[in-house]
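K.L.:
Next up is a structure, given as structure tokens.
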Amino acid sequence: MASKRVFWGMSILMVSAFLVAGYFAYWYFTSPEAVVRREVAKWVGIIGRGVDLPKGEIPTLATVTNKDRLDQQAFFQKAENGDKMLIYSQSGIVILYRPSLRKVIDMSRVVIEKAQPQ
């Protein structure tokens with residue numbers, strides 16, 4: 001009798017542990033932060049095939065969605081909607097990449113000023 005209780009108790013404990021682990025694994029892999037990390041890693045891998053990228057720094061990924069609003073800035077003269085940008089704020093490097101051509105369109109050094117607390 002006692003062995004049946006131990007068996008069922010352990011079975012329920014194991015099933016519960018698997019359910020909790022599955023929940024946290026699902027949350028970890030589908031959270032918005034995880035999706036962004038994978039997208040950044042994807043584009044770093046693609047762009048990094050042809051360009052030496054800064055090491056030890058995670059870039060910000062941006063997509064050009066409205067080229068007309070960026071026309072006044074010299075860096076964006078060659079940009080088109082859909083282009084990807086990797087922005088390395090510590091290294092001060094911005095890379096403009098065109099996925100449709102699979103090539104880097106422009107690279108530039110920039111100074112990114114951090115907002116001063118008021």
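Letters A, B, ... mark the chains of the structure tokens in the order given; residue numbers begin at 1 per chain; ligand numbers begin at 1, in order shown.
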Which neighbours of A:Phe76 fall inside 9 Å, counting only C-alpha atoms, when residues of the same chain fewer than 6 positions from it are skipped, and could you give them as a ChimeraX atom specification?
P.N.:
/A:67,70,96,106
K.L.:
Going by DSSP on the backbone, which bits of chain A are strand (DSSP E or B)? Write them as a list in words, please.
P.N.:
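Matching residues for strand (DSSP E or B) in chain A are Thr60, Leu61, Ala62, Thr63, Lys84, Met85, Leu86, Ile87, Tyr88, Ile93, Val94, Ile95, Leu96, Tyr97, Arg98, Lys103, Val104, Ile105, Asp106, Met107, Ser108 and Arg109 of chain A.
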K.L.:
For A:Ala74, which residue among A:Lys55, A:Val110, A:Gln90, A:Gly50 is the nearest when counting only C-alpha atoms?
P.N.:
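The closest residue to A:Ala74 is A:Val110.
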K.L.:
Find the residues of stretch 53-84 of chain A that sit at most 9 Å from stretch 26-48 of chain A; for each, write down the nearest two atoms and how far apart they are in Å, to one decimal. Count only C-alpha atoms. Sort by chain, then by number going up, and give it as JSON lines.
P.N.:
{"residue": "A:Leu53", "atom": "CA", "partner": "A:Gly48", "partner_atom": "CA", "distance": 6.0}
{"residue": "A:Ile58", "atom": "CA", "partner": "A:Val40", "partner_atom": "CA", "distance": 8.2}
{"residue": "A:Pro59", "atom": "CA", "partner": "A:Val40", "partner_atom": "CA", "distance": 7.5}
{"residue": "A:Thr60", "atom": "CA", "partner": "A:Val40", "partner_atom": "CA", "distance": 7.4}
{"residue": "A:Leu61", "atom": "CA", "partner": "A:Val40", "partner_atom": "CA", "distance": 6.0}
{"residue": "A:Lys84", "atom": "CA", "partner": "A:Trp43", "partner_atom": "CA", "distance": 8.3}
K.L.:
May I have the residues from that selection written out with N, CA, C and O atoms, as an mmCIF file, in the first residue's frame?
P.N.:
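Generated output (part21.cif):
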data_model
loop_
_atom_site.group_PDB
_atom_site.id
_atom_site.type_symbol
_atom_site.label_atom_id
_atom_site.label_comp_id
_atom_site.auth_asym_id
_atom_site.auth_seq_id
_atom_site.Cartn_x
_atom_site.Cartn_y
_atom_site.Cartn_z
ATOM 1 N N LEU A 53 32.714 43.052 -37.649
ATOM 2 C CA LEU A 53 31.864 43.773 -36.716
ATOM 3 C C LEU A 53 32.569 43.897 -35.370
ATOM 4 O O LEU A 53 33.398 43.061 -35.022
ATOM 5 N N ILE A 58 26.639 44.268 -28.236
ATOM 6 C CA ILE A 58 25.384 43.879 -28.872
ATOM 7 C C ILE A 58 24.798 45.122 -29.534
ATOM 8 O O ILE A 58 24.542 46.123 -28.856
ATOM 9 N N PRO A 59 24.602 45.073 -30.851
ATOM 10 C CA PRO A 59 24.098 46.262 -31.540
ATOM 11 C C PRO A 59 22.591 46.424 -31.389
ATOM 12 O O PRO A 59 21.883 45.513 -30.964
ATOM 13 N N THR A 60 22.138 47.594 -31.772
ATOM 14 C CA THR A 60 20.712 47.854 -31.910
ATOM 15 C C THR A 60 20.369 47.621 -33.375
ATOM 16 O O THR A 60 21.102 48.057 -34.257
ATOM 17 N N LEU A 61 19.278 46.928 -33.632
ATOM 18 C CA LEU A 61 18.831 46.668 -34.992
ATOM 19 C C LEU A 61 17.684 47.608 -35.314
ATOM 20 O O LEU A 61 16.775 47.771 -34.514
ATOM 21 N N LYS A 84 18.250 47.383 -43.448
ATOM 22 C CA LYS A 84 18.523 47.117 -42.037
ATOM 23 C C LYS A 84 19.738 47.919 -41.605
ATOM 24 O O LYS A 84 20.671 48.131 -42.385
#
K.L.:
If you count only C-alpha atoms, which residues fall within 12 Å of A:Gly82, apart from same-chain ones fewer than 6 positions away, as a list in words?
P.N.:
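Once the nearby chain positions are removed, what remains is Ala62, Thr63, Val64, Thr65, Asn66, Lys67, Leu96, Tyr97, Arg98, Pro99, Ser100 and Leu101 of chain A.
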K.L.:
Just give me the gap between atom CA of A:Gly92 and atom CA of A:Asp68 in Å, one decimal is fine.
P.N.:
24.2 Å
K.L.:
In Å to one decimal, how far is atom CA of A:Ser3 from atom CA of A:Ser16?
P.N.:
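Going from atom CA of A:Ser16 over to atom CA of A:Ser3, I get 19.8 Å.
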